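Quick look at run-v2.tsv (TSV, C-alpha atoms):
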```tsv
chain	number	residue	atom	x	y	z
A	1094	MET	CA	-48.59	0.84	-31.47
A	1095	LYS	CA	-46.15	-0.46	-28.87
A	1096	VAL	CA	-42.83	-1.89	-29.93
A	1097	LYS	CA	-41.61	-4.71	-27.71
A	1098	LEU	CA	-37.98	-4.15	-26.84
A	1099	ARG	CA	-35.46	-6.92	-26.64
A	1100	GLU	CA	-32.35	-6.63	-24.52
A	1101	ILE	CA	-29.11	-6.81	-26.46
A	1102	VAL	CA	-26.98	-9.67	-25.15
A	1103	PRO	CA	-23.68	-11.02	-26.45
A	1104	PHE	CA	-24.66	-13.86	-28.73
A	1105	ASP	CA	-21.93	-16.41	-28.39
A	1106	LYS	CA	-20.76	-17.14	-24.84
A	1107	GLU	CA	-18.25	-19.82	-25.87
A	1108	ALA	CA	-16.65	-17.68	-28.53
A	1109	GLU	CA	-16.40	-14.78	-26.11
A	1110	GLU	CA	-14.65	-16.90	-23.48
A	1111	LYS	CA	-12.22	-18.22	-26.09
A	1112	ALA	CA	-11.58	-14.68	-27.29
A	1113	ILE	CA	-10.91	-13.47	-23.74
A	1114	GLN	CA	-8.38	-16.28	-23.32
A	1115	LYS	CA	-6.59	-14.99	-26.41
A	1116	ASP	CA	-6.16	-11.57	-24.70
A	1117	HIS	CA	-9.00	-9.79	-26.44
A	1118	GLY	CA	-12.76	-9.91	-26.02
A	1119	LEU	CA	-15.39	-9.98	-28.73
A	1120	HIS	CA	-15.82	-6.86	-30.80
A	1121	PRO	CA	-18.45	-4.55	-29.25
A	1122	ASP	CA	-20.33	-4.47	-32.58
A	1123	ASP	CA	-20.64	-8.26	-32.61
A	1124	LYS	CA	-23.93	-8.16	-30.73
A	1125	TYR	CA	-25.46	-6.42	-33.75
A	1126	LEU	CA	-24.15	-9.05	-36.17
A	1127	LYS	CA	-25.49	-12.51	-36.87
A	1128	PRO	CA	-23.45	-15.20	-35.12
A	1129	GLY	CA	-20.86	-16.90	-37.25
A	1130	ARG	CA	-21.23	-14.61	-40.30
A	1131	ILE	CA	-18.05	-12.57	-39.77
A	1132	PRO	CA	-15.56	-12.49	-41.55
A	1133	HIS	CA	-17.70	-11.22	-44.40
A	1134	ILE	CA	-17.06	-11.83	-48.11
A	1135	TRP	CA	-16.14	-8.25	-49.05
A	1136	CYS	CA	-12.70	-7.77	-50.59
A	1137	PRO	CA	-9.76	-6.41	-48.58
A	1138	GLY	CA	-9.84	-2.62	-48.91
A	1139	CYS	CA	-13.57	-2.47	-49.60
A	1140	GLY	CA	-15.36	0.40	-47.85
A	1141	LEU	CA	-18.64	-1.40	-47.22
A	1142	GLY	CA	-17.55	-2.59	-43.79
A	1143	VAL	CA	-16.82	1.00	-42.77
A	1144	VAL	CA	-20.33	2.07	-43.75
A	1145	LEU	CA	-21.83	-0.90	-41.88
A	1146	THR	CA	-19.81	-0.03	-38.75
A	1147	SER	CA	-20.93	3.59	-39.09
A	1148	PHE	CA	-24.56	2.53	-39.37
A	1149	ILE	CA	-24.29	0.40	-36.20
A	1150	GLU	CA	-22.55	3.28	-34.40
A	1151	GLY	CA	-25.21	5.74	-35.58
A	1152	MET	CA	-27.94	3.44	-34.31
A	1153	ARG	CA	-26.15	3.14	-30.98
A	1154	ARG	CA	-25.67	6.88	-30.71
A	1155	LYS	CA	-29.36	7.45	-31.39
A	1156	GLY	CA	-30.14	4.96	-28.62
A	1157	LEU	CA	-32.17	2.60	-30.77
A	1158	SER	CA	-32.35	-1.08	-29.95
A	1159	VAL	CA	-32.42	-3.72	-32.68
A	1160	ASP	CA	-36.18	-4.16	-32.25
A	1161	GLN	CA	-36.89	-0.57	-33.21
A	1162	CYS	CA	-35.06	-0.85	-36.54
A	1163	ALA	CA	-35.44	-2.80	-39.73
A	1164	VAL	CA	-33.01	-2.92	-42.63
A	1165	VAL	CA	-34.04	-3.66	-46.20
A	1166	SER	CA	-31.46	-4.24	-48.87
A	1167	GLY	CA	-31.44	-5.19	-52.50
A	1168	ILE	CA	-29.01	-7.17	-54.60
A	1169	GLY	CA	-25.29	-6.60	-54.85
A	1170	CYS	CA	-22.30	-6.48	-52.57
A	1171	THR	CA	-24.15	-3.98	-50.35
A	1172	GLY	CA	-27.22	-6.19	-50.38
A	1173	ARG	CA	-25.36	-8.69	-48.24
A	1174	VAL	CA	-25.68	-6.29	-45.28
A	1175	ALA	CA	-29.12	-7.80	-44.67
A	1176	GLY	CA	-27.49	-11.15	-44.05
A	1177	TYR	CA	-24.95	-9.82	-41.58
A	1178	LEU	CA	-27.08	-7.64	-39.28
A	1179	ASP	CA	-28.80	-9.46	-36.41
A	1180	MET	CA	-32.17	-7.68	-36.56
A	1181	ASP	CA	-35.24	-7.67	-38.77
A	1182	THR	CA	-33.61	-7.54	-42.20
A	1183	TYR	CA	-34.96	-8.31	-45.64
A	1184	HIS	CA	-32.96	-9.23	-48.70
A	1185	THR	CA	-35.28	-8.31	-51.55
A	1186	THR	CA	-35.11	-8.81	-55.31
A	1187	HIS	CA	-33.01	-6.55	-57.51
A	1188	GLY	CA	-34.03	-2.92	-57.24
A	1189	ARG	CA	-37.14	-3.60	-55.16
A	1190	ALA	CA	-35.77	-2.67	-51.76
A	1191	ILE	CA	-37.67	0.64	-51.64
A	1192	PRO	CA	-41.14	-0.75	-52.57
A	1193	PHE	CA	-40.75	-3.43	-49.90
A	1194	ALA	CA	-39.55	-0.89	-47.35
A	1195	THR	CA	-42.43	1.47	-48.27
A	1196	GLY	CA	-44.92	-1.25	-47.35
A	1197	LEU	CA	-43.05	-1.95	-44.13
A	1198	ALA	CA	-42.89	1.72	-43.17
A	1199	LEU	CA	-46.62	2.23	-43.84
A	1200	ALA	CA	-47.67	-0.90	-41.95
A	1201	LYS	CA	-45.46	-0.12	-38.93
A	1202	PRO	CA	-45.08	3.66	-38.65
A	1203	ASP	CA	-43.05	3.41	-35.41
A	1204	LEU	CA	-40.31	1.31	-36.99
A	1205	HIS	CA	-37.12	2.98	-38.23
A	1206	VAL	CA	-36.86	1.44	-41.68
A	1207	THR	CA	-33.48	1.84	-43.37
A	1208	VAL	CA	-32.84	0.94	-46.98
A	1209	PHE	CA	-29.17	-0.07	-47.14
A	1210	SER	CA	-28.26	-0.67	-50.73
A	1211	GLY	CA	-25.83	0.07	-53.47
A	1212	ASP	CA	-25.89	2.58	-56.29
A	1213	GLY	CA	-26.50	-0.09	-58.94
A	1214	ASP	CA	-29.50	-1.42	-57.07
A	1215	LEU	CA	-31.07	1.88	-56.04
A	1216	PHE	CA	-30.44	3.96	-59.16
A	1217	ALA	CA	-30.20	1.53	-62.08
A	1218	ILE	CA	-33.07	-0.91	-61.78
A	1219	GLY	CA	-34.67	0.75	-58.78
A	1220	GLY	CA	-34.35	4.35	-59.94
A	1221	ASN	CA	-38.06	4.87	-60.47
A	1222	HIS	CA	-38.98	3.53	-57.04
A	1223	MET	CA	-36.39	5.80	-55.48
A	1224	ILE	CA	-37.69	9.03	-57.03
A	1225	HIS	CA	-41.33	8.19	-56.32
A	1226	ALA	CA	-40.65	7.27	-52.69
A	1227	ALA	CA	-38.86	10.62	-52.36
A	1228	ARG	CA	-41.79	12.44	-54.01
A	1229	ARG	CA	-44.29	10.83	-51.62
A	1230	ASN	CA	-41.93	11.52	-48.70
A	1231	VAL	CA	-42.38	8.06	-47.20
A	1232	ASN	CA	-40.73	7.69	-43.79
A	1233	LEU	CA	-37.63	5.88	-45.08
A	1234	LYS	CA	-33.92	6.27	-44.44
A	1235	VAL	CA	-31.99	5.51	-47.60
A	1236	LEU	CA	-28.28	4.80	-47.18
A	1237	CYS	CA	-26.75	4.40	-50.63
A	1238	VAL	CA	-23.22	3.03	-50.81
A	1239	ASN	CA	-21.75	4.37	-54.03
A	1240	ASN	CA	-18.76	2.53	-55.45
A	1241	PHE	CA	-19.28	3.69	-59.05
A	1242	ASN	CA	-19.85	0.24	-60.59
A	1243	PHE	CA	-21.72	-3.04	-60.36
A	1244	GLY	CA	-19.19	-4.71	-58.09
A	1245	MET	CA	-20.61	-8.15	-57.45
A	1246	THR	CA	-21.19	-9.07	-61.10
A	1247	GLY	CA	-17.68	-8.11	-62.18
A	1248	GLY	CA	-17.30	-4.34	-62.33
A	1249	GLN	CA	-19.69	-3.36	-65.14
A	1250	VAL	CA	-20.63	0.22	-65.90
A	1251	ALA	CA	-23.33	1.66	-63.61
A	1252	PRO	CA	-25.47	4.83	-63.74
A	1253	THR	CA	-23.03	6.47	-61.31
A	1254	THR	CA	-19.82	5.71	-63.23
A	1255	PRO	CA	-18.16	9.05	-64.05
A	1256	LEU	CA	-17.43	10.15	-67.60
A	1257	GLU	CA	-14.30	8.54	-69.13
A	1258	ALA	CA	-13.95	6.01	-66.31
A	1259	ARG	CA	-12.95	2.53	-67.35
A	1260	THR	CA	-14.92	-0.51	-66.27
A	1261	SER	CA	-15.02	-4.08	-67.56
A	1262	THR	CA	-17.76	-3.18	-70.07
A	1263	THR	CA	-16.29	0.21	-71.03
A	1264	PRO	CA	-12.61	-0.67	-71.57
A	1265	LEU	CA	-11.99	2.51	-73.59
A	1266	GLY	CA	-13.75	4.82	-71.16
A	1267	ASN	CA	-17.36	5.54	-70.28
A	1268	ALA	CA	-19.17	7.78	-72.78
A	1269	GLU	CA	-21.98	8.72	-70.36
A	1270	PRO	CA	-21.78	11.12	-67.45
A	1271	GLY	CA	-22.88	9.66	-64.12
A	1272	PHE	CA	-25.80	10.62	-61.93
A	1273	ASN	CA	-25.34	13.39	-59.37
A	1274	LEU	CA	-27.13	11.48	-56.63
A	1275	PRO	CA	-27.67	14.24	-53.99
A	1276	TYR	CA	-29.04	16.59	-56.66
A	1277	LEU	CA	-31.39	13.88	-57.91
A	1278	ALA	CA	-32.61	13.04	-54.41
A	1279	HIS	CA	-33.17	16.72	-53.59
A	1280	ALA	CA	-35.02	17.34	-56.86
A	1281	ALA	CA	-37.25	14.33	-56.19
A	1282	GLY	CA	-38.14	15.70	-52.75
A	1283	ALA	CA	-35.89	14.20	-50.07
A	1284	ILE	CA	-35.88	16.20	-46.84
A	1285	TYR	CA	-32.34	15.29	-45.75
A	1286	VAL	CA	-29.49	14.88	-48.22
A	1287	ALA	CA	-25.88	14.23	-47.27
A	1288	ARG	CA	-22.79	12.80	-48.89
A	1289	TRP	CA	-19.72	11.44	-47.12
A	1290	THR	CA	-16.87	9.17	-48.08
A	1291	THR	CA	-15.52	6.26	-46.05
A	1292	PHE	CA	-12.68	8.55	-45.02
A	1293	HIS	CA	-15.25	10.55	-42.98
A	1294	PRO	CA	-16.68	7.85	-40.67
A	1295	ARG	CA	-17.39	10.24	-37.80
A	1296	GLN	CA	-19.34	12.64	-39.98
A	1297	LEU	CA	-21.15	9.66	-41.52
A	1298	VAL	CA	-22.13	8.43	-38.04
A	1299	HIS	CA	-23.43	11.90	-37.20
A	1300	SER	CA	-25.44	12.07	-40.43
A	1301	ILE	CA	-26.92	8.60	-39.90
A	1302	SER	CA	-27.95	9.32	-36.32
A	1303	GLU	CA	-29.41	12.66	-37.42
A	1304	SER	CA	-31.38	11.06	-40.25
A	1305	LEU	CA	-32.73	8.34	-37.91
A	1306	GLY	CA	-34.36	11.12	-35.89
A	1307	LYS	CA	-36.12	12.69	-38.88
A	1308	LYS	CA	-39.58	11.87	-40.14
A	1309	GLY	CA	-39.64	11.60	-43.90
A	1310	PHE	CA	-37.46	10.51	-46.78
A	1311	THR	CA	-33.76	10.97	-46.02
A	1312	PHE	CA	-30.92	10.19	-48.39
A	1313	ILE	CA	-27.27	9.66	-47.48
A	1314	GLU	CA	-24.69	8.80	-50.11
A	1315	ALA	CA	-21.58	7.06	-48.79
A	1316	ILE	CA	-18.75	6.91	-51.29
A	1317	ALA	CA	-16.80	3.69	-50.82
A	1318	PRO	CA	-13.64	2.42	-52.48
A	1319	CYS	CA	-13.97	-0.61	-54.74
A	1320	PRO	CA	-10.38	-1.67	-55.43
A	1321	THR	CA	-11.37	-4.77	-57.42
A	1322	GLY	CA	-14.07	-3.44	-59.73
A	1323	TYR	CA	-13.39	0.29	-60.06
A	1324	GLY	CA	-9.94	1.00	-58.63
A	1325	ARG	CA	-7.96	-1.46	-60.72
A	1326	PRO	CA	-9.12	-0.53	-64.27
A	1327	ASN	CA	-8.91	3.20	-63.43
A	1328	LYS	CA	-5.47	2.87	-61.83
A	1329	LEU	CA	-6.69	4.27	-58.52
A	1330	GLY	CA	-4.74	1.62	-56.64
A	1331	SER	CA	-5.69	-0.36	-53.57
A	1332	GLY	CA	-8.42	0.52	-51.09
A	1333	LEU	CA	-5.89	2.37	-48.97
A	1334	GLU	CA	-4.77	4.49	-51.92
A	1335	GLU	CA	-8.39	5.33	-52.71
A	1336	MET	CA	-8.83	6.40	-49.08
A	1337	ARG	CA	-5.78	8.67	-49.43
A	1338	TYR	CA	-7.38	10.09	-52.58
A	1339	TYR	CA	-10.53	10.88	-50.57
A	1340	ARG	CA	-8.41	12.54	-47.90
A	1341	GLU	CA	-6.69	14.80	-50.41
A	1342	MET	CA	-9.53	15.49	-52.82
A	1343	SER	CA	-12.68	15.76	-50.71
A	1344	GLN	CA	-13.90	19.18	-49.69
A	1345	ILE	CA	-16.41	19.57	-46.87
A	1346	ARG	CA	-18.98	22.11	-47.96
A	1347	ASN	CA	-22.18	21.90	-45.93
A	1348	GLY	CA	-25.19	23.37	-47.65
A	1349	ALA	CA	-23.41	23.55	-50.99
A	1350	ASP	CA	-25.25	24.26	-54.22
A	1351	LEU	CA	-26.15	20.77	-55.42
A	1352	ARG	CA	-25.57	21.65	-59.06
A	1353	ASP	CA	-21.82	21.72	-58.32
A	1354	THR	CA	-21.58	18.36	-56.57
A	1355	GLU	CA	-21.09	16.17	-59.62
A	1356	ILE	CA	-18.27	13.64	-59.31
A	1357	ARG	CA	-15.69	13.45	-62.07
A	1358	LEU	CA	-12.83	11.01	-62.39
A	1359	ARG	CA	-9.74	12.09	-60.39
A	1360	GLU	CA	-11.29	15.42	-59.46
A	1361	LYS	CA	-12.45	16.87	-56.17
A	1362	ILE	CA	-15.40	15.36	-54.32
A	1363	ILE	CA	-17.69	17.79	-52.50
A	1364	VAL	CA	-19.03	16.23	-49.31
A	1365	GLY	CA	-21.25	17.49	-46.53
A	1366	THR	CA	-24.82	17.76	-45.34
A	1367	PHE	CA	-26.53	19.55	-48.19
A	1368	ILE	CA	-30.23	19.65	-47.35
A	1369	ASN	CA	-31.91	19.49	-43.93
A	1370	THR	CA	-35.56	20.61	-44.10
A	1371	ASP	CA	-38.94	19.36	-42.95
A	1372	ARG	CA	-42.20	18.76	-44.75
A	1373	PRO	CA	-45.22	16.55	-43.94
A	1374	ASP	CA	-44.56	12.91	-44.73
A	1375	PHE	CA	-46.86	10.54	-46.59
A	1376	MET	CA	-48.50	9.06	-43.49
A	1377	GLU	CA	-49.32	12.51	-42.08
A	1378	ASN	CA	-50.86	13.67	-45.36
A	1379	TYR	CA	-52.78	10.45	-45.83
A	1380	MET	CA	-54.20	10.30	-42.30
A	1381	GLY	CA	-54.89	14.02	-42.12
A	1382	LYS	CA	-56.35	14.64	-45.55
A	1383	VAL	CA	-57.83	11.37	-46.86
A	1384	VAL	CA	-58.69	9.19	-43.85
A	1385	ALA	CA	-60.09	12.10	-41.83
A	1386	ARG	CA	-62.37	13.12	-44.73
A	1387	ALA	CA	-63.51	9.54	-45.27
A	1388	ARG	CA	-64.37	9.27	-41.59
A	1389	ALA	CA	-66.27	12.56	-41.65
A	1390	LYS	CA	-68.22	11.40	-44.69
A	1391	GLY	CA	-69.01	8.05	-43.03
A	1392	LYS	CA	-70.28	9.78	-39.90
A	1393	GLY	CA	-72.57	12.01	-41.97
A	1394	LYS	CA	-74.12	8.96	-43.66
A	1395	GLU	CA	-74.70	7.24	-40.32
A	1396	LYS	CA	-76.46	10.35	-39.02
A	1397	GLY	CA	-78.61	10.45	-42.13
A	1398	LYS	CA	-79.59	6.82	-41.68
A	1399	ALA	CA	-80.46	7.34	-38.03
A	1400	ALA	CA	-82.68	10.29	-38.91
B	311	MET	CA	4.38	26.84	-31.06
B	312	LYS	CA	5.57	26.66	-27.49
B	313	PHE	CA	3.58	25.67	-24.43
B	314	TRP	CA	5.32	27.25	-21.46
B	315	ARG	CA	2.92	26.41	-18.64
B	316	LEU	CA	0.07	24.11	-17.72
B	317	PRO	CA	-3.29	25.25	-19.03
B	318	LEU	CA	-5.35	26.96	-16.36
B	319	ASP	CA	-8.14	24.40	-16.62
B	320	ALA	CA	-5.80	21.39	-16.61
B	321	GLU	CA	-7.55	19.89	-13.59
B	322	ALA	CA	-10.83	19.74	-15.46
B	323	HIS	CA	-9.39	17.49	-18.17
B	324	THR	CA	-7.82	14.05	-18.27
B	325	ILE	CA	-5.86	12.16	-20.87
B	326	PRO	CA	-7.55	8.86	-21.66
B	327	HIS	CA	-5.29	5.89	-22.24
B	328	GLY	CA	-6.66	2.98	-24.18
B	329	LYS	CA	-5.82	-0.61	-24.84
B	330	VAL	CA	-5.95	-1.71	-28.47
B	331	ASN	CA	-7.47	-5.15	-28.99
B	332	ILE	CA	-6.80	-6.81	-32.33
B	333	ILE	CA	-8.79	-9.85	-33.40
B	334	TRP	CA	-5.90	-11.42	-35.29
B	335	ASN	CA	-7.64	-13.82	-37.64
B	336	ARG	CA	-10.37	-11.47	-38.84
B	337	CYS	CA	-7.94	-8.96	-40.36
B	338	LYS	CA	-7.64	-8.76	-44.16
B	339	GLY	CA	-4.68	-6.40	-44.09
B	340	CYS	CA	-6.24	-3.34	-45.73
B	341	GLY	CA	-4.10	-1.02	-43.59
B	342	PHE	CA	-6.75	1.63	-42.88
B	343	CYS	CA	-6.10	1.59	-39.12
B	344	ILE	CA	-2.32	1.85	-39.54
B	345	GLU	CA	-2.61	4.76	-41.97
B	346	PHE	CA	-5.28	6.79	-40.20
B	347	CYS	CA	-4.43	6.30	-36.50
B	348	PRO	CA	-3.96	9.94	-35.41
B	349	ASN	CA	-1.24	9.00	-32.91
B	350	SER	CA	0.55	6.41	-35.11
B	351	CYS	CA	0.06	3.65	-32.53
B	352	LEU	CA	-0.06	0.80	-35.02
B	353	LYS	CA	2.29	-0.79	-37.51
B	354	GLU	CA	2.12	-3.74	-39.84
B	355	SER	CA	3.12	-6.99	-38.19
B	356	LYS	CA	5.80	-9.21	-39.71
B	357	HIS	CA	3.78	-12.32	-38.97
B	358	PHE	CA	0.97	-13.80	-41.02
B	359	ASN	CA	-2.49	-14.60	-39.73
B	360	ALA	CA	-4.52	-17.68	-40.72
B	361	LYS	CA	-5.68	-16.02	-43.96
B	362	GLY	CA	-2.16	-14.99	-44.99
B	363	TYR	CA	-2.48	-11.27	-44.32
B	364	HIS	CA	-0.31	-9.07	-42.13
B	365	PRO	CA	-2.49	-7.73	-39.30
B	366	PRO	CA	-1.51	-4.56	-37.43
B	367	GLU	CA	0.31	-4.64	-34.14
B	368	VAL	CA	0.77	-2.03	-31.45
B	369	VAL	CA	4.11	-0.21	-31.52
B	370	LEU	CA	6.15	0.10	-28.34
B	371	GLN	CA	4.84	3.51	-27.31
B	372	ALA	CA	1.39	2.10	-26.75
B	373	GLU	CA	0.56	4.67	-24.09
B	374	ASP	CA	0.00	7.07	-26.99
B	375	CYS	CA	-3.40	5.49	-27.63
B	376	VAL	CA	-5.94	8.07	-26.46
B	377	GLU	CA	-8.93	5.80	-27.06
B	378	CYS	CA	-10.38	7.93	-29.83
B	379	GLY	CA	-11.94	4.84	-31.39
B	380	LEU	CA	-11.15	5.78	-34.99
B	381	CYS	CA	-9.52	2.40	-35.66
B	382	SER	CA	-12.63	0.48	-34.63
B	383	LEU	CA	-14.79	2.85	-36.68
B	384	ILE	CA	-12.67	2.70	-39.83
B	385	CYS	CA	-11.96	-1.05	-39.72
B	386	PRO	CA	-14.16	-2.76	-42.33
B	387	GLU	CA	-13.66	-6.19	-40.77
B	388	PHE	CA	-14.75	-5.66	-37.11
B	389	ALA	CA	-11.22	-6.78	-36.21
B	390	ILE	CA	-9.96	-4.00	-33.94
B	391	PHE	CA	-11.41	-2.14	-30.96
B	392	THR	CA	-10.18	-0.05	-28.07
B	393	GLU	CA	-10.94	-0.14	-24.36
B	394	LEU	CA	-10.44	2.66	-21.87
B	395	LYS	CA	-7.64	1.61	-19.52
B	396	GLU	CA	-7.12	4.73	-17.41
B	397	ALA	CA	-7.72	8.45	-17.46
B	398	LYS	CA	-4.52	10.25	-16.54
B	399	GLU	CA	-4.17	13.72	-15.11
B	400	ILE	CA	-2.40	16.30	-17.26
B	401	THR	CA	1.20	16.97	-16.18
B	402	GLU	CA	3.94	19.21	-17.52
B	403	GLU	CA	5.57	16.25	-19.27
B	404	ASP	CA	2.47	15.78	-21.39
B	405	ILE	CA	2.61	19.43	-22.39
B	406	GLN	CA	6.24	18.91	-23.41
B	407	LYS	CA	5.20	15.92	-25.52
B	408	VAL	CA	2.57	17.99	-27.29
B	409	THR	CA	5.14	20.71	-27.91
B	410	ILE	CA	7.49	18.21	-29.52
B	411	ARG	CA	4.70	16.80	-31.62
B	412	TYR	CA	3.60	20.16	-32.97
B	413	SER	CA	7.15	21.25	-33.68
B	414	ARG	CA	7.54	17.94	-35.56
B	415	LYS	CA	10.83	17.01	-33.94
B	416	ASP	CA	9.49	13.57	-33.19
B	417	LYS	CA	10.50	11.30	-36.07
B	418	ARG	CA	7.23	9.43	-36.06
B	419	TYR	CA	5.29	12.57	-36.96
B	420	GLN	CA	7.65	13.86	-39.61
B	421	LYS	CA	6.05	11.95	-42.45
B	422	ARG	CA	2.88	14.03	-42.24
```
structure tokens encoding of this file:
Amino acid sequence: MKVKLREIVPFDKEAEEKAIQKDHGLHPDDKYLKPGRIPHIWCPGCGLGVVLTSFIEGMRRKGLSVDQCAVVSGIGCTGRVAGYLDMDTYHTTHGRAIPFATGLALAKPDLHVTVFSGDGDLFAIGGNHMIHAARRNVNLKVLCVNNFNFGMTGGQVAPTTPLEARTSTTPLGNAEPGFNLPYLAHAAGAIYVARWTTFHPRQLVHSISESLGKKGFTFIEAIAPCPTGYGRPNKLGSGLEEMRYYREMSQIRNGADLRDTEIRLREKIIVGTFINTDRPDFMENYMGKVVARARAKGKGKEKGKAA
Amino acid sequence: MKFWRLPLDAEAHTIPHGKVNIIWNRCKGCGFCIEFCPNSCLKESKHFNAKGYHPPEVVLQAEDCVECGLCSLICPEFAIFTELKEAKEITEEDIQKVTIRYSRKDKRYQKR
């Protein structure tokens, strides 16, 4: 299948001329963003913009044009990424980003399909889809932005909220330990597992560009500050103070034992590229094992009929 | 640490100098670029933008910008980016500067 490539051109000539008059041009990432959608609605200090910039930079570093990529996102603050990127993007229903993306990846195997969604979307309502897509090893790139709560609906407790953390629905502290997302993704069968915070944008760019080159189910967790929903009730301060916390408390440990990578409130965060392996993806298994046998069987029947 | 001569491969390297472009009205004043600029090129402006935030502005020693691009990467608002202005040859003065920086005599680097 041939993918038709479109040249990337600056979208808004008038705006660019105006911007040049004001002693600065348009931002170089603006050609990847839908015209007129920036500034976005995310709060000041939110880390989602950093992850979006890193994704664009990773795509650029890999040398992919917008026609070779598609982004699928679910519901939530992170789900709005689909509305901001100027490429084939889909804003699906809550938790159903991965089923939609699975269909897309199977119908167009040449496309780089990225699922860009939040922890509440991917692991609360969409948890089952996530583990089964990882088990099948569908050719998907999952980029999960983890801010430890349901941000858009008002900071409720999420499956990733650490033990004893306060949210708007657990004012006395959370009684449940949170998911260890890299461990879960590895156990379900992901071939590439990494975790970075928004304080590590360069490493995040490297991981994203590396995962875009892999064939199979890759999972990257990007920890992002949420000063409104998670930082304020837990007294973690503004977005900047949460970034300082990541600087002091994150330890880079590539290839770490994933049993130790659980996140606890106000304790160290282990980041790094944990898993980087290869195994046949769903399309390869399906074409090689099922379709090839069906074809062989069909040929045998035709021969029988002819005889 | 003391650098007492030019490195032997000084001719093979250049020091990039960048120009910081700030899109004033997009900024929401989170302060990531000011905090994490490795050369402390930015500071908070006294003036407000249209949204009522204080965007960053370039401090006087703007030639310190080495066009690393961290500010544009860490900005969540697509409000700041750098352009390569010139690539300068390494001289003995630059080595002196580095010496001062690593010995932390420069006031701007003392806070770290």
Item to check | Computed interatomic separation between CA of Gly1332 in chain A and CA of Cys340 in chain B (Å) | outcome: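 Computing the Euclidean distance for CA of Gly1332 in chain A and CA of Cys340 in chain B yields 7.0 Å.
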Checklist outcome for this item: CA of Ile333 in chain B sits from CA of Leu1178 in chain A at a separation of 19.3 Å
Checklist entry - Using only C-alpha atoms, which residue out of A:Phe1209, A:Leu1126, A:Phe1148, A:Lys1155 lies closest to Asp1179 in chain A? => result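 Using only C-alpha atoms, Asp1179 in chain A sits closest to A:Leu1126.
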Next on the checklist: I'd like the neighbourhood of Ile325 in chain B as a ChimeraX atom specification, where a residue qualifies if any of its atoms comes within 10 Å (using only C-alpha atoms), though same-chain residues fewer than 2 positions away should be ignored.
Outcome noted: /B:323,327-328,374-377,396-401,404
Test item: axis-aligned box, all listed atoms of range 354-360 of chain B, 4 Å on each side, centre and edges in Å rounded to one decimal, as lines of an AutoDock Vina configuration file:
```
center_x = 0.6
center_y = -10.7
center_z = -39.6
size_x = 18.3
size_y = 21.9
size_z = 10.8
```
Item to check | Interface list for chain A, partner chain B, 7 Å threshold, only C-alpha atoms, as number ranges by chain | outcome: A: 1117, 1120, 1132, 1137-1138, 1140-1143, 1146-1147, 1294, 1332-1333
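The two atoms in question, CA of Gly1266 in chain A and CA of Asn1239 in chain A, are spaced 18.9 Å apart.
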Next on the checklist: Neighbouring residues of Gly1211 in chain A were defined as those with any atom within 6 Å, considering only C-alpha atoms; residues of the same chain fewer than 2 positions away were excluded. Please report them as a count of residues only.
Outcome noted: 6
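Comparing the minimum interatomic distances between Pro365 in chain B and each of B:Cys381, B:Ile344, B:Leu394, B:Leu318, counting all atoms listed in the file, we find that B:Ile344 sits nearest.
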Quick one: everything within 12 Å of Pro1202 in chain A, counting all atoms listed in the file, minus sequence neighbours fewer than 5 positions away in the same chain. Send it as an mmCIF file with C-alpha atoms, keeping the file's coordinate frame.
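So part-v3.cif came out as:
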```
data_model
loop_
_atom_site.group_PDB
_atom_site.id
_atom_site.type_symbol
_atom_site.label_atom_id
_atom_site.label_comp_id
_atom_site.auth_asym_id
_atom_site.auth_seq_id
_atom_site.Cartn_x
_atom_site.Cartn_y
_atom_site.Cartn_z
ATOM 1 C CA MET A 1094 -48.590 0.840 -31.470
ATOM 2 C CA LYS A 1095 -46.150 -0.460 -28.870
ATOM 3 C CA VAL A 1096 -42.830 -1.890 -29.930
ATOM 4 C CA GLN A 1161 -36.890 -0.570 -33.210
ATOM 5 C CA CYS A 1162 -35.060 -0.850 -36.540
ATOM 6 C CA ALA A 1163 -35.440 -2.800 -39.730
ATOM 7 C CA ALA A 1194 -39.550 -0.890 -47.350
ATOM 8 C CA THR A 1195 -42.430 1.470 -48.270
ATOM 9 C CA GLY A 1196 -44.920 -1.250 -47.350
ATOM 10 C CA LEU A 1197 -43.050 -1.950 -44.130
ATOM 11 C CA VAL A 1231 -42.380 8.060 -47.200
ATOM 12 C CA ASN A 1232 -40.730 7.690 -43.790
ATOM 13 C CA LEU A 1233 -37.630 5.880 -45.080
ATOM 14 C CA LYS A 1308 -39.580 11.870 -40.140
ATOM 15 C CA GLY A 1309 -39.640 11.600 -43.900
ATOM 16 C CA ASP A 1374 -44.560 12.910 -44.730
ATOM 17 C CA PHE A 1375 -46.860 10.540 -46.590
ATOM 18 C CA MET A 1376 -48.500 9.060 -43.490
ATOM 19 C CA GLU A 1377 -49.320 12.510 -42.080
ATOM 20 C CA MET A 1380 -54.200 10.300 -42.300
#
```
Next on the checklist: Need the shell around range 350-357 of chain B: protein/DNA/RNA residues with any atom at most 6 Å away, counting all atoms listed in the file. Skip same-chain ones fewer than 5 positions apart. Format as a list of chain:residue names?
Outcome noted: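 Within the cut-off, the hits are B:Ile344, B:His364, B:Pro365, B:Pro366, B:Glu367, B:Val368, B:Val369.
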Checklist entry - Within 8 Å of Ser1210 in chain A, counting only C-alpha atoms, which residues qualify if same-chain residues fewer than 6 places away don't, as JSON, numbers by chain? => result {"A": [1165, 1166, 1167, 1168, 1169, 1171, 1172, 1190, 1235, 1236, 1237, 1238]}
